[in-house]
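K.L.:
Next comes the structure file target.pdb, holding PDB, C-alpha atoms.
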```
MODEL        1
ATOM      1  CA  ARG B   3      16.296 -49.769 -36.738  1.00  0.00           C
ATOM      2  CA  PRO B   4      19.488 -49.936 -34.625  1.00  0.00           C
ATOM      3  CA  PRO B   5      22.717 -51.437 -35.929  1.00  0.00           C
ATOM      4  CA  SER B   6      23.186 -55.195 -35.652  1.00  0.00           C
ATOM      5  CA  PRO B   7      26.130 -56.850 -33.936  1.00  0.00           C
ATOM      6  CA  ARG B   8      29.043 -57.014 -36.369  1.00  0.00           C
ATOM      7  CA  ASN B   9      31.553 -58.902 -34.317  1.00  0.00           C
ATOM      8  CA  SER B  10      29.856 -60.255 -31.213  1.00  0.00           C
ATOM      9  CA  LYS B  11      31.976 -63.422 -31.242  1.00  0.00           C
ATOM     10  CA  SER B  12      34.994 -61.390 -30.109  1.00  0.00           C
ATOM     11  CA  ARG B  13      33.308 -60.903 -26.723  1.00  0.00           C
ATOM     12  CA  ASN B  14      32.921 -63.711 -24.250  1.00  0.00           C
ATOM     13  CA  SER B  15      31.289 -61.922 -21.330  1.00  0.00           C
ATOM     14  CA  GLU B  16      27.555 -61.932 -20.900  1.00  0.00           C
ATOM     15  CA  ILE B  17      25.563 -58.717 -21.112  1.00  0.00           C
ATOM     16  CA  ARG B  18      22.022 -58.743 -19.759  1.00  0.00           C
ATOM     17  CA  VAL B  19      19.476 -55.976 -20.281  1.00  0.00           C
ATOM     18  CA  VAL B  20      16.664 -56.517 -17.770  1.00  0.00           C
ATOM     19  CA  PRO B  21      13.779 -56.555 -17.076  1.00  0.00           C
ATOM     20  CA  ASN B  22      11.939 -57.157 -20.316  1.00  0.00           C
ATOM     21  CA  PRO B  23       9.235 -55.959 -20.375  1.00  0.00           C
ATOM     22  CA  PHE B  24      10.389 -52.914 -18.383  1.00  0.00           C
ATOM     23  CA  ASN B  25       8.722 -49.972 -16.670  1.00  0.00           C
ATOM     24  CA  ASN B  26      10.725 -47.007 -15.312  1.00  0.00           C
ATOM     25  CA  GLU B  27      14.305 -48.261 -15.590  1.00  0.00           C
ATOM     26  CA  LEU B  28      16.535 -50.725 -17.372  1.00  0.00           C
ATOM     27  CA  LYS B  29      19.382 -52.545 -15.675  1.00  0.00           C
ATOM     28  CA  ILE B  30      22.498 -53.428 -17.632  1.00  0.00           C
ATOM     29  CA  LEU B  31      24.309 -56.361 -16.014  1.00  0.00           C
ATOM     30  CA  THR B  32      27.804 -57.086 -17.275  1.00  0.00           C
ATOM     31  CA  SER B  33      31.410 -57.614 -16.236  1.00  0.00           C
ATOM     32  CA  GLU B  34      32.619 -55.418 -19.116  1.00  0.00           C
ATOM     33  CA  SER B  35      33.459 -51.757 -18.661  1.00  0.00           C
ATOM     34  CA  ASP B  36      33.126 -48.679 -20.864  1.00  0.00           C
ATOM     35  CA  LEU B  37      29.927 -49.569 -22.685  1.00  0.00           C
ATOM     36  CA  THR B  38      27.438 -47.301 -24.426  1.00  0.00           C
ATOM     37  CA  VAL B  39      23.765 -48.265 -24.380  1.00  0.00           C
ATOM     38  CA  LYS B  40      21.500 -46.786 -27.032  1.00  0.00           C
ATOM     39  CA  VAL B  41      17.716 -47.168 -27.148  1.00  0.00           C
ATOM     40  CA  PHE B  42      15.752 -46.506 -30.341  1.00  0.00           C
ATOM     41  CA  ASN B  43      12.053 -46.262 -31.133  1.00  0.00           C
ATOM     42  CA  SER B  44      10.388 -48.308 -33.888  1.00  0.00           C
ATOM     43  CA  VAL B  45      11.384 -45.820 -36.612  1.00  0.00           C
ATOM     44  CA  GLY B  46      15.053 -45.784 -35.575  1.00  0.00           C
ATOM     45  CA  GLN B  47      15.134 -42.482 -33.667  1.00  0.00           C
ATOM     46  CA  GLU B  48      17.745 -42.588 -30.889  1.00  0.00           C
ATOM     47  CA  LEU B  49      16.028 -41.825 -27.569  1.00  0.00           C
ATOM     48  CA  ILE B  50      18.684 -42.822 -25.033  1.00  0.00           C
ATOM     49  CA  ASN B  51      22.478 -42.722 -25.283  1.00  0.00           C
ATOM     50  CA  GLU B  52      24.115 -43.624 -21.953  1.00  0.00           C
ATOM     51  CA  HIS B  53      27.742 -44.429 -21.181  1.00  0.00           C
ATOM     52  CA  LEU B  54      28.276 -46.992 -18.421  1.00  0.00           C
ATOM     53  CA  PHE B  55      31.581 -47.885 -16.769  1.00  0.00           C
ATOM     54  CA  LYS B  56      30.199 -51.181 -15.442  1.00  0.00           C
ATOM     55  CA  SER B  57      26.747 -52.552 -14.713  1.00  0.00           C
ATOM     56  CA  GLY B  58      24.242 -49.770 -14.189  1.00  0.00           C
ATOM     57  CA  LYS B  59      20.708 -48.443 -14.375  1.00  0.00           C
ATOM     58  CA  ILE B  60      19.121 -46.265 -17.037  1.00  0.00           C
ATOM     59  CA  SER B  61      15.997 -44.218 -16.319  1.00  0.00           C
ATOM     60  CA  THR B  62      13.175 -44.742 -18.808  1.00  0.00           C
ATOM     61  CA  ASN B  63      10.508 -42.623 -17.095  1.00  0.00           C
ATOM     62  CA  HIS B  64      10.232 -40.343 -20.129  1.00  0.00           C
ATOM     63  CA  LEU B  65       9.469 -43.149 -22.602  1.00  0.00           C
ATOM     64  CA  PRO B  66       5.853 -44.004 -23.436  1.00  0.00           C
ATOM     65  CA  SER B  67       4.682 -47.622 -23.489  1.00  0.00           C
ATOM     66  CA  GLY B  68       5.685 -49.475 -26.631  1.00  0.00           C
ATOM     67  CA  LEU B  69       8.329 -51.486 -28.450  1.00  0.00           C
ATOM     68  CA  TYR B  70      11.968 -50.339 -28.465  1.00  0.00           C
ATOM     69  CA  TYR B  71      15.289 -51.586 -29.801  1.00  0.00           C
ATOM     70  CA  TYR B  72      18.624 -51.376 -28.007  1.00  0.00           C
ATOM     71  CA  SER B  73      22.288 -51.649 -28.877  1.00  0.00           C
ATOM     72  CA  VAL B  74      25.173 -52.166 -26.470  1.00  0.00           C
ATOM     73  CA  ILE B  75      28.388 -50.790 -27.959  1.00  0.00           C
ATOM     74  CA  GLY B  76      31.907 -51.491 -26.746  1.00  0.00           C
ATOM     75  CA  LEU B  77      34.682 -48.940 -26.347  1.00  0.00           C
ATOM     76  CA  ASP B  78      35.989 -50.006 -29.751  1.00  0.00           C
ATOM     77  CA  GLY B  79      32.718 -48.900 -31.385  1.00  0.00           C
ATOM     78  CA  ILE B  80      31.537 -52.414 -32.190  1.00  0.00           C
ATOM     79  CA  VAL B  81      27.946 -53.383 -31.359  1.00  0.00           C
ATOM     80  CA  VAL B  82      28.322 -56.308 -28.958  1.00  0.00           C
ATOM     81  CA  GLN B  83      24.621 -56.933 -28.380  1.00  0.00           C
ATOM     82  CA  SER B  84      21.293 -55.690 -29.657  1.00  0.00           C
ATOM     83  CA  GLY B  85      17.673 -56.651 -29.193  1.00  0.00           C
ATOM     84  CA  LYS B  86      14.061 -55.672 -28.592  1.00  0.00           C
ATOM     85  CA  LEU B  87      12.505 -54.316 -25.419  1.00  0.00           C
ATOM     86  CA  GLU B  88       8.916 -53.616 -24.451  1.00  0.00           C
ATOM     87  CA  LYS B  89       7.876 -50.856 -22.051  1.00  0.00           C
ATOM     88  CA  ILE B  90       4.683 -51.340 -20.069  1.00  0.00           C
ATOM     89  CA  LYS B  91       3.078 -49.065 -17.516  1.00  0.00           C
TER      90      LYS B  91
ENDMDL
END
```
Let me see the structure of the file written as structure tokens.
P.N.:
Amino acid sequence: RPPSPRNSKSRNSEIRVVPNPFNNELKILTSESDLTVKVFNSVGQELINEHLFKSGKISTNHLPSGLYYYSVIGLDGIVVQSGKLEKIK
């Protein structure tokens, strides 16, 4: 399972990971810069590790349908948001 937010109260900007459920891409909507988005499967294996400078899109074509976990990590290495995602086809 991915790491949980340790210090999310230090951030005041909103980060949205949409849509959920998703199909072939995830959109990360934020005003923050220099974020890393990691996506894990149900046993904690890291499947995606993408660095974004601002809001962006992440391709998920290679992922099968199922439940996933994500973490959004700031430049300082602190997890600022995490949650569950479901992929449908």
K.L.:
Residue by residue, what does the PyMOL selection byres ((chain B and resi 29) around 7) grab here? Present the result as an MDAnalysis selection string.
P.N.:
chainID B and resid 19:20 27:28 30:31 58:60
K.L.:
How far is it from atom CA of Arg18 of chain B to atom CA of Val45 of chain B, in Å with one decimal?
P.N.:
23.8 Å
K.L.:
Starting from the displayed file, determine the output of the PyMOL selection byres ((chain B and resi 48) around 12) and express the residue list as a list in words.
P.N.:
Arg3, Pro4, Pro5, Val39, Lys40, Val41, Phe42, Asn43, Ser44, Val45, Gly46, Gln47, Leu49, Ile50, Asn51, Glu52, Leu65, Tyr70, Tyr71, Tyr72 and Ser73 of chain B
K.L.:
Quick one: residues within 9 Å of Gly76 of chain B, all atoms listed in the file, excluding same-chain residues fewer than 4 positions away - as a PyMOL selection string?
P.N.:
chain B and resi 34-38+80-82
K.L.:
Which one of B:Asn25, B:Ile17, B:Gln83, B:Lys91 sits closest to Lys56 of chain B if you count all atoms listed in the file?
P.N.:
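Closest to Lys56 of chain B of all the choices is B:Ile17.
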K.L.:
Taking into account all atoms listed in the file, which residue in the set B:Leu77, B:Asn26, B:Thr62, B:Ser67 is nearest to Ile90 of chain B?
P.N.:
B:Ser67
K.L.:
Could you check which of B:Ser84, B:Lys89, B:Gly68, B:Val74 is closest to Leu54 of chain B, using only C-alpha atoms?
P.N.:
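With only C-alpha atoms as the atom set, the closest residue is B:Val74.
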